file final.cif (mmCIF, C-alpha atoms)
data_model
#
loop_
_atom_site.label_atom_id
_atom_site.label_comp_id
_atom_site.auth_asym_id
_atom_site.auth_seq_id
_atom_site.Cartn_x
_atom_site.Cartn_y
_atom_site.Cartn_z
CA MET Q 24 -1.43 -13.75 -21.44
CA ASN Q 25 -0.95 -11.31 -18.53
CA ARG Q 26 2.61 -10.67 -19.71
CA ILE Q 27 1.38 -9.81 -23.23
CA ILE Q 28 -1.19 -7.41 -21.80
CA LEU Q 29 1.47 -5.76 -19.65
CA ILE Q 30 3.80 -5.28 -22.62
CA PHE Q 31 0.91 -3.85 -24.65
CA LEU Q 32 0.08 -1.37 -21.87
CA ILE Q 33 3.72 -0.27 -21.59
CA ILE Q 34 3.97 0.31 -25.35
CA THR Q 35 0.66 2.16 -25.41
CA SER Q 36 1.73 4.36 -22.52
CA PHE Q 37 5.05 5.16 -24.22
CA LEU Q 38 3.37 6.09 -27.49
CA SER Q 39 0.78 8.26 -25.80
CA ASN Q 40 3.47 10.17 -23.93
CA ALA Q 41 5.85 10.46 -26.87
CA GLN Q 42 6.26 13.98 -28.21
CA THR Q 43 5.59 14.48 -31.91
CA VAL Q 44 8.10 16.69 -33.67
CA ASN Q 45 6.42 19.51 -35.55
CA GLU Q 46 9.15 21.22 -37.55
CA PRO Q 47 7.65 24.46 -38.93
CA LYS Q 48 6.91 24.32 -42.65
CA ASN Q 49 7.45 26.76 -45.53
CA ASN Q 50 11.06 27.39 -44.61
CA PRO Q 51 13.33 29.09 -47.17
CA GLU Q 52 14.41 26.57 -49.81
CA GLU Q 53 18.04 27.62 -49.24
CA TRP Q 54 17.84 25.94 -45.82
CA SER Q 55 17.49 22.52 -47.45
CA LYS Q 56 19.57 23.07 -50.56
CA PRO Q 57 22.86 21.10 -50.71
CA TYR Q 58 26.15 22.97 -50.71
CA GLU Q 59 29.67 21.87 -51.48
CA PRO Q 60 31.72 21.49 -48.28
CA PHE Q 61 34.97 23.43 -48.10
CA ARG Q 62 37.88 24.38 -45.87
CA ILE Q 63 37.40 27.81 -44.30
CA ALA Q 64 40.69 28.17 -42.44
CA GLY Q 65 43.13 25.77 -40.80
CA ASN Q 66 41.14 22.94 -39.23
CA LEU Q 67 37.73 24.62 -39.69
CA TYR Q 68 35.38 23.34 -42.43
CA TYR Q 69 31.90 24.23 -43.67
CA VAL Q 70 29.68 21.11 -43.87
CA GLY Q 71 26.20 22.63 -43.77
CA THR Q 72 23.51 23.30 -46.35
CA TYR Q 73 23.40 26.32 -48.65
CA ASP Q 74 22.28 28.63 -45.82
CA LEU Q 75 22.17 26.68 -42.55
CA ALA Q 76 25.78 26.67 -41.42
CA SER Q 77 27.30 23.58 -39.79
CA TYR Q 78 30.98 23.68 -38.90
CA LEU Q 79 33.39 20.78 -38.51
CA ILE Q 80 36.54 21.39 -36.50
CA VAL Q 81 39.08 18.62 -37.04
CA THR Q 82 41.51 17.84 -34.22
CA ASP Q 83 44.10 15.16 -33.51
CA LYS Q 84 41.73 13.56 -30.96
CA GLY Q 85 38.51 13.54 -32.97
CA ASN Q 86 36.21 16.21 -34.35
CA ILE Q 87 33.78 18.89 -33.16
CA LEU Q 88 30.50 19.64 -34.97
CA ILE Q 89 28.74 22.98 -34.43
CA ASN Q 90 25.04 23.13 -35.50
CA THR Q 91 23.12 20.49 -37.44
CA GLY Q 92 20.52 22.33 -39.56
CA LEU Q 93 17.03 20.90 -40.07
CA ALA Q 94 16.22 17.24 -39.37
CA GLY Q 95 16.51 16.59 -43.12
CA SER Q 96 20.04 18.04 -43.17
CA LEU Q 97 21.50 14.87 -41.64
CA PRO Q 98 22.32 12.99 -44.88
CA MET Q 99 23.82 16.15 -46.40
CA ILE Q 100 26.05 16.74 -43.37
CA LYS Q 101 27.18 13.10 -43.44
CA ASP Q 102 27.90 13.29 -47.15
CA ASN Q 103 29.78 16.58 -46.80
CA ILE Q 104 32.01 15.17 -44.07
CA LYS Q 105 32.75 12.15 -46.25
CA LYS Q 106 33.51 14.35 -49.29
CA LEU Q 107 36.14 16.18 -47.25
CA GLY Q 108 37.79 12.86 -46.41
CA PHE Q 109 36.78 12.70 -42.75
CA ASN Q 110 34.91 10.04 -40.79
CA TYR Q 111 31.44 10.94 -39.52
CA LYS Q 112 31.89 8.66 -36.51
CA ASP Q 113 34.98 10.66 -35.48
CA ILE Q 114 32.69 13.40 -34.14
CA LYS Q 115 33.42 13.48 -30.39
CA ILE Q 116 31.84 16.79 -29.38
CA LEU Q 117 28.60 18.47 -30.47
CA THR Q 118 27.63 22.03 -29.72
CA LEU Q 119 25.38 24.79 -31.10
CA THR Q 120 24.94 28.52 -31.44
CA GLN Q 121 21.21 28.59 -30.62
CA ALA Q 122 18.45 26.17 -29.64
CA HIS Q 123 16.18 26.61 -32.64
CA PHE Q 124 14.97 23.86 -34.97
CA ASP Q 125 16.92 25.19 -37.96
CA HIS Q 126 20.18 24.59 -36.10
CA MET Q 127 19.13 21.66 -33.88
CA GLY Q 128 17.05 19.49 -36.21
CA ALA Q 129 19.51 16.60 -36.56
CA MET Q 130 21.32 17.00 -33.22
CA ALA Q 131 19.63 14.14 -31.33
CA ASP Q 132 20.21 11.69 -34.20
CA ILE Q 133 23.87 12.66 -34.62
CA LYS Q 134 24.43 12.35 -30.88
CA LYS Q 135 22.89 8.89 -30.88
CA GLU Q 136 24.76 7.69 -33.97
CA THR Q 137 28.20 8.98 -33.00
CA GLY Q 138 28.10 8.83 -29.20
CA ALA Q 139 29.42 12.40 -29.12
CA LYS Q 140 29.05 14.53 -25.99
CA LEU Q 141 26.82 17.60 -26.21
CA TYR Q 142 28.13 20.87 -24.78
CA VAL Q 143 25.66 23.77 -24.53
CA ASP Q 144 25.18 27.20 -23.02
CA LYS Q 145 23.28 26.34 -19.84
CA LYS Q 146 20.58 28.94 -20.55
CA ASP Q 147 19.41 26.88 -23.56
CA ALA Q 148 19.32 23.55 -21.68
CA GLU Q 149 15.58 23.69 -21.00
CA GLU Q 150 14.79 24.29 -24.67
CA LEU Q 151 16.95 21.34 -25.73
CA LYS Q 152 15.25 19.01 -23.28
CA SER Q 153 11.77 20.16 -24.38
CA GLY Q 154 12.52 19.96 -28.10
CA GLY Q 155 11.94 23.69 -28.42
CA LYS Q 156 8.54 23.62 -26.76
CA SER Q 157 9.69 25.91 -23.94
CA ASP Q 158 11.13 28.56 -26.29
CA TYR Q 159 9.72 32.03 -25.56
CA GLU Q 160 8.65 32.57 -29.19
CA LEU Q 161 8.96 29.41 -31.31
CA GLY Q 162 7.39 27.36 -28.52
CA LYS Q 163 4.05 28.23 -30.12
CA TYR Q 164 4.80 25.46 -32.66
CA GLY Q 165 5.18 22.84 -29.93
CA VAL Q 166 8.06 20.36 -30.21
CA THR Q 167 10.12 21.45 -33.24
CA PHE Q 168 13.12 19.10 -32.90
CA LYS Q 169 13.84 15.83 -31.12
CA PRO Q 170 14.44 16.56 -27.45
CA VAL Q 171 18.02 15.95 -26.38
CA THR Q 172 19.76 16.06 -23.01
CA PRO Q 173 23.07 17.96 -22.85
CA ASP Q 174 26.11 16.33 -21.28
CA TYR Q 175 27.78 19.57 -20.20
CA LEU Q 176 26.24 22.95 -19.31
CA LEU Q 177 28.51 25.94 -19.89
CA LYS Q 178 28.75 29.56 -18.77
CA ASN Q 179 30.24 32.59 -20.51
CA ASN Q 180 33.94 32.12 -21.39
CA ALA Q 181 33.84 28.37 -20.70
CA LYS Q 182 36.37 26.27 -22.62
CA ILE Q 183 35.63 23.28 -24.83
CA LYS Q 184 38.85 21.35 -25.36
CA LEU Q 185 39.53 18.51 -27.76
CA GLY Q 186 43.02 17.54 -28.87
CA ASN Q 187 44.91 20.54 -30.20
CA THR Q 188 41.86 22.86 -30.26
CA THR Q 189 40.19 24.95 -27.53
CA LEU Q 190 36.89 26.76 -28.15
CA THR Q 191 35.79 29.62 -25.91
CA LEU Q 192 32.02 29.93 -25.56
CA LEU Q 193 30.78 33.53 -25.59
CA HIS Q 194 27.34 33.94 -23.99
CA HIS Q 195 25.38 36.17 -26.42
CA PRO Q 196 21.71 35.82 -25.35
CA GLY Q 197 18.61 37.45 -26.79
CA HIS Q 198 17.78 35.48 -29.91
CA THR Q 199 17.48 32.55 -27.51
CA LYS Q 200 18.20 32.57 -23.79
CA GLY Q 201 21.42 30.66 -24.39
CA SER Q 202 22.52 31.94 -27.78
CA CYS Q 203 26.28 31.87 -28.00
CA SER Q 204 29.24 32.44 -30.27
CA PHE Q 205 32.58 30.64 -30.32
CA LEU Q 206 36.13 31.92 -30.51
CA PHE Q 207 39.22 29.83 -31.23
CA GLU Q 208 42.60 29.88 -32.92
CA THR Q 209 43.47 27.84 -35.98
CA LYS Q 210 46.50 27.79 -38.23
CA ASP Q 211 47.64 26.68 -41.65
CA LYS Q 212 51.19 26.59 -42.95
CA ASN Q 213 51.26 30.37 -43.45
CA GLN Q 214 49.36 31.99 -40.61
CA THR Q 215 47.43 31.69 -37.36
CA TYR Q 216 43.86 32.99 -37.36
CA LYS Q 217 41.58 33.91 -34.48
CA VAL Q 218 38.16 32.72 -35.68
CA LEU Q 219 34.77 33.98 -34.51
CA ILE Q 220 31.73 31.81 -35.17
CA ALA Q 221 29.13 34.50 -34.50
CA ASN Q 222 25.52 34.11 -33.49
CA LEU Q 223 24.11 37.44 -34.65
CA PRO Q 224 21.41 38.83 -32.31
CA SER Q 225 18.44 39.18 -34.65
CA ILE Q 226 15.00 39.84 -33.13
CA ILE Q 227 12.14 37.42 -33.82
CA ILE Q 228 9.22 38.99 -31.87
CA ASP Q 229 7.86 41.19 -34.64
CA ASP Q 230 4.34 41.39 -33.20
CA LYS Q 231 5.29 41.90 -29.54
CA LYS Q 232 7.02 44.36 -27.28
CA PHE Q 233 9.85 43.17 -25.08
CA SER Q 234 7.58 43.64 -22.04
CA ASP Q 235 5.06 41.21 -23.58
CA VAL Q 236 7.54 38.30 -23.40
CA LYS Q 237 6.60 37.01 -19.95
CA THR Q 238 8.61 33.78 -20.22
CA TYR Q 239 11.85 35.68 -20.88
CA GLN Q 240 11.74 38.73 -18.66
CA THR Q 241 15.40 39.70 -19.16
CA ILE Q 242 15.19 39.67 -22.96
CA GLN Q 243 15.66 43.43 -23.44
CA LYS Q 244 18.65 43.58 -21.10
CA ASP Q 245 20.18 40.44 -22.62
CA TYR Q 246 20.04 41.89 -26.13
CA GLY Q 247 21.61 45.13 -24.90
CA ASP Q 248 24.42 43.28 -23.14
CA THR Q 249 25.01 41.12 -26.22
CA PHE Q 250 25.43 44.10 -28.55
CA LYS Q 251 28.01 45.58 -26.17
CA ALA Q 252 29.88 42.28 -25.91
CA MET Q 253 29.89 41.52 -29.62
CA LYS Q 254 31.34 44.92 -30.50
CA ASN Q 255 34.36 44.11 -28.33
CA VAL Q 256 35.29 40.66 -29.63
CA ASN Q 257 38.79 40.49 -31.09
CA PHE Q 258 39.07 38.24 -34.17
CA ASP Q 259 40.77 37.89 -37.54
CA ILE Q 260 38.09 36.08 -39.56
CA TRP Q 261 34.42 35.40 -38.93
CA VAL Q 262 31.48 33.27 -39.99
CA ALA Q 263 27.93 32.94 -38.61
CA SER Q 264 24.96 30.65 -37.98
CA HIS Q 265 23.58 31.27 -41.49
CA GLY Q 266 25.63 31.49 -44.68
CA SER Q 267 23.62 34.53 -45.75
CA GLN Q 268 24.51 36.37 -42.54
CA PHE Q 269 28.21 36.52 -43.41
CA GLY Q 270 27.78 36.83 -47.17
CA LEU Q 271 29.07 33.34 -47.95
CA HIS Q 272 27.65 33.22 -51.47
CA THR Q 273 28.94 36.62 -52.53
CA LYS Q 274 32.40 36.02 -51.08
CA ARG Q 275 32.86 32.52 -52.42
CA LYS Q 276 31.64 30.41 -55.34
CA GLU Q 277 31.48 26.64 -55.17
CA GLY Q 278 34.78 25.20 -56.33
CA ASP Q 279 36.86 28.24 -55.35
CA THR Q 280 40.29 27.52 -53.93
CA TYR Q 281 41.19 27.75 -50.24
CA ASN Q 282 41.34 31.37 -49.10
CA PRO Q 283 40.76 32.24 -45.42
CA LYS Q 284 41.09 35.96 -46.14
CA LEU Q 285 37.67 35.90 -47.81
CA PHE Q 286 36.28 35.88 -44.28
CA ALA Q 287 38.43 38.69 -42.85
CA ASP Q 288 35.93 41.50 -43.59
CA LYS Q 289 35.44 42.92 -40.11
CA GLU Q 290 33.65 45.97 -41.48
CA VAL Q 291 30.77 43.79 -42.66
CA TYR Q 292 30.50 42.22 -39.21
CA PHE Q 293 30.19 45.64 -37.56
CA GLN Q 294 27.73 46.82 -40.22
CA LYS Q 295 25.54 43.80 -39.47
CA LEU Q 296 25.67 44.55 -35.74
CA GLU Q 297 24.84 48.22 -36.33
CA LYS Q 298 21.76 47.32 -38.37
CA LEU Q 299 20.57 44.76 -35.83
CA GLU Q 300 21.14 47.20 -32.96
CA ALA Q 301 19.03 49.81 -34.77
CA ASP Q 302 16.21 47.24 -34.93
CA TYR Q 303 16.71 46.60 -31.22
CA GLN Q 304 16.50 50.30 -30.35
CA GLU Q 305 13.24 50.60 -32.31
CA LYS Q 306 11.86 47.70 -30.29
CA VAL Q 307 12.99 49.36 -27.04
CA LYS Q 308 11.05 52.50 -27.99
CA GLN Q 309 7.83 50.49 -28.00
CA ASP Q 310 8.18 50.08 -24.25
CA SER Q 311 9.21 53.67 -23.61
CA PRO Q 312 6.63 56.08 -22.08
CA GLN Q 313 5.03 58.27 -24.72
CA LYS Q 314 5.58 61.99 -24.18
#
call {"tool": "encode", "arguments": {"input": "final.cif", "output": "structure tokens"}}
result
Amino acid sequence: MNRIILIFLIITSFLSNAQTVNEPKNNPEEWSKPYEPFRIAGNLYYVGTYDLASYLIVTDKGNILINTGLAGSLPMIKDNIKKLGFNYKDIKILTLTQAHFDHMGAMADIKKETGAKLYVDKKDAEELKSGGKSDYELGKYGVTFKPVTPDYLLKNNAKIKLGNTTLTLLHHPGHTKGSCSFLFETKDKNQTYKVLIANLPSIIIDDKKFSDVKTYQTIQKDYGDTFKAMKNVNFDIWVASHGSQFGLHTKRKEGDTYNPKLFADKEVYFQKLEKLEADYQEKVKQDSPQK
């Protein structure tokens, strides 16, 4: 009888301390809408939803998955990988462009199911462990994705190597403390491409000044440094954390044939940065002394 009581107390204690995931509601329907997977360039594939980009990089030693969408994206990502002819369990490395629920929702489950190692920008480690609760802005929703512990914490220009592929992590903070982009080379039978998977530095504190964000005191400087860094990245083709950010659905229709050059529009990339930097400068003005 004492043993039964002890087990009951342990279970009760676990349940009382468990964190309930509260994924924000009323998200754009495009975030949950299925999308046909396709080959972007070389060994890089799109396996995400209509707007939440997830990228599969296929190597000769297993595969890398970048971003996992919402929690409900998991069956779509699995199905997309299968449609492309790859094995879901061959995922060996997981990583992400930002620690927000719309890119992290299924990360803990995929890590558990595949045994993959999670590599992250070290500045986002706290948010991953707290399930988003410690985020300077979205933390107001509490735990927004299943907490997950990273296996490797990375700094700017760190390398993630698997088989014949090496990713370079580019620390681009602001949107989150550890927002990052990735740069790597891929090739097909005709050409080698330098690919940028960009995390564009959009601003999410509409109702605050930078100086109001007490839990992220370097936010203004980080954004400024990120704009400078992103203007100087050398690449041939680019994609981003959201399909809409790099014009996926205007460049490409479902069923279109393989064409990496669809994603070679550097001018659009710089136009996006220019617009986002203008938003940033307006936010900076809010903290400037009034004359």
call {"tool": "resolve_selection", "arguments": {"input": "final.cif", "expression": "the PyMOL selection byres ((chain Q and resi 298-309) around 10)", "output": "list in words"}}
result
Leu223, Pro224, Ser225, Ile226, Ile228, Asp229, Lys231, Lys232, Phe233, Ser234, Gln243, Tyr246, Gly247, Thr249, Phe250, Lys251, Phe293, Gln294, Lys295, Leu296, Glu297, Asp310, Ser311, Pro312 and Gln313 of chain Q
call {"tool": "closest_atom_pairs", "arguments": {"input": "final.cif", "of": "region 150-191 of chain Q", "to": "region 122-130 of chain Q", "cutoff": "8 Å", "atoms": "all atoms listed in the file", "output": "tab-separated table"}}
result
residue	atom	partner	partner_atom	distance
Q:Glu150	CA	Q:Ala122	CA	6.5
Q:Leu151	CA	Q:Ala122	CA	6.4
Q:Gly155	CA	Q:His123	CA	6.7
Q:Leu161	CA	Q:His123	CA	7.9
Q:Thr167	CA	Q:Phe124	CA	5.7
Q:Phe168	CA	Q:Gly128	CA	5.2
Q:Lys169	CA	Q:Gly128	CA	7.0
Q:Val171	CA	Q:Met130	CA	7.7
call {"tool": "closest_residue", "arguments": {"input": "final.cif", "among": "Q:Ser202, Q:Asn282, Q:Asn86, Q:Thr172", "to": "Leu185 (chain Q)", "atoms": "all atoms listed in the file"}}
result
Q:Asn86
call {"tool": "resolve_selection", "arguments": {"input": "final.cif", "expression": "the PyMOL selection byres ((chain Q and resi 103) around 12)", "output": "PyMOL selection string"}}
result
chain Q and resi 57-62+68-73+77-79+96-102+104-111
call {"tool": "closest_residue", "arguments": {"input": "final.cif", "among": "Q:Lys146, Q:Lys178, Q:Lys48, Q:Lys237", "to": "Gly201 (chain Q)", "atoms": "all atoms listed in the file"}}
result
Q:Lys146
call {"tool": "atom_distance", "arguments": {"input": "final.cif", "atom1": "CA of Gly278 (chain Q)", "atom2": "CA of Leu219 (chain Q)"}}
result
23.5 Å
call {"tool": "atom_distance", "arguments": {"input": "final.cif", "atom1": "CA of Gln121 (chain Q)", "atom2": "CA of Gly197 (chain Q)"}}
result
10.0 Å
call {"tool": "closest_residue", "arguments": {"input": "final.cif", "among": "Q:Ser267, Q:Gln214, Q:Thr137, Q:Thr209", "to": "Asn187 (chain Q)", "atoms": "only C-alpha atoms"}}
result
Q:Thr209
call {"tool": "closest_residue", "arguments": {"input": "final.cif", "among": "Q:Asp83, Q:Asp74, Q:Asp279, Q:Asp174", "to": "Gly138 (chain Q)", "atoms": "only C-alpha atoms"}}
result
Q:Asp174
call {"tool": "atom_distance", "arguments": {"input": "final.cif", "atom1": "CA of Gly165 (chain Q)", "atom2": "CA of Asp230 (chain Q)"}}
result
18.9 Å
call {"tool": "resolve_selection", "arguments": {"input": "final.cif", "expression": "the PyMOL selection byres ((chain Q and resi 256) around 12)", "output": "ChimeraX atom specification"}}
result
/Q:180,191-195,204-207,217-221,249-255,257-261,289,292-293
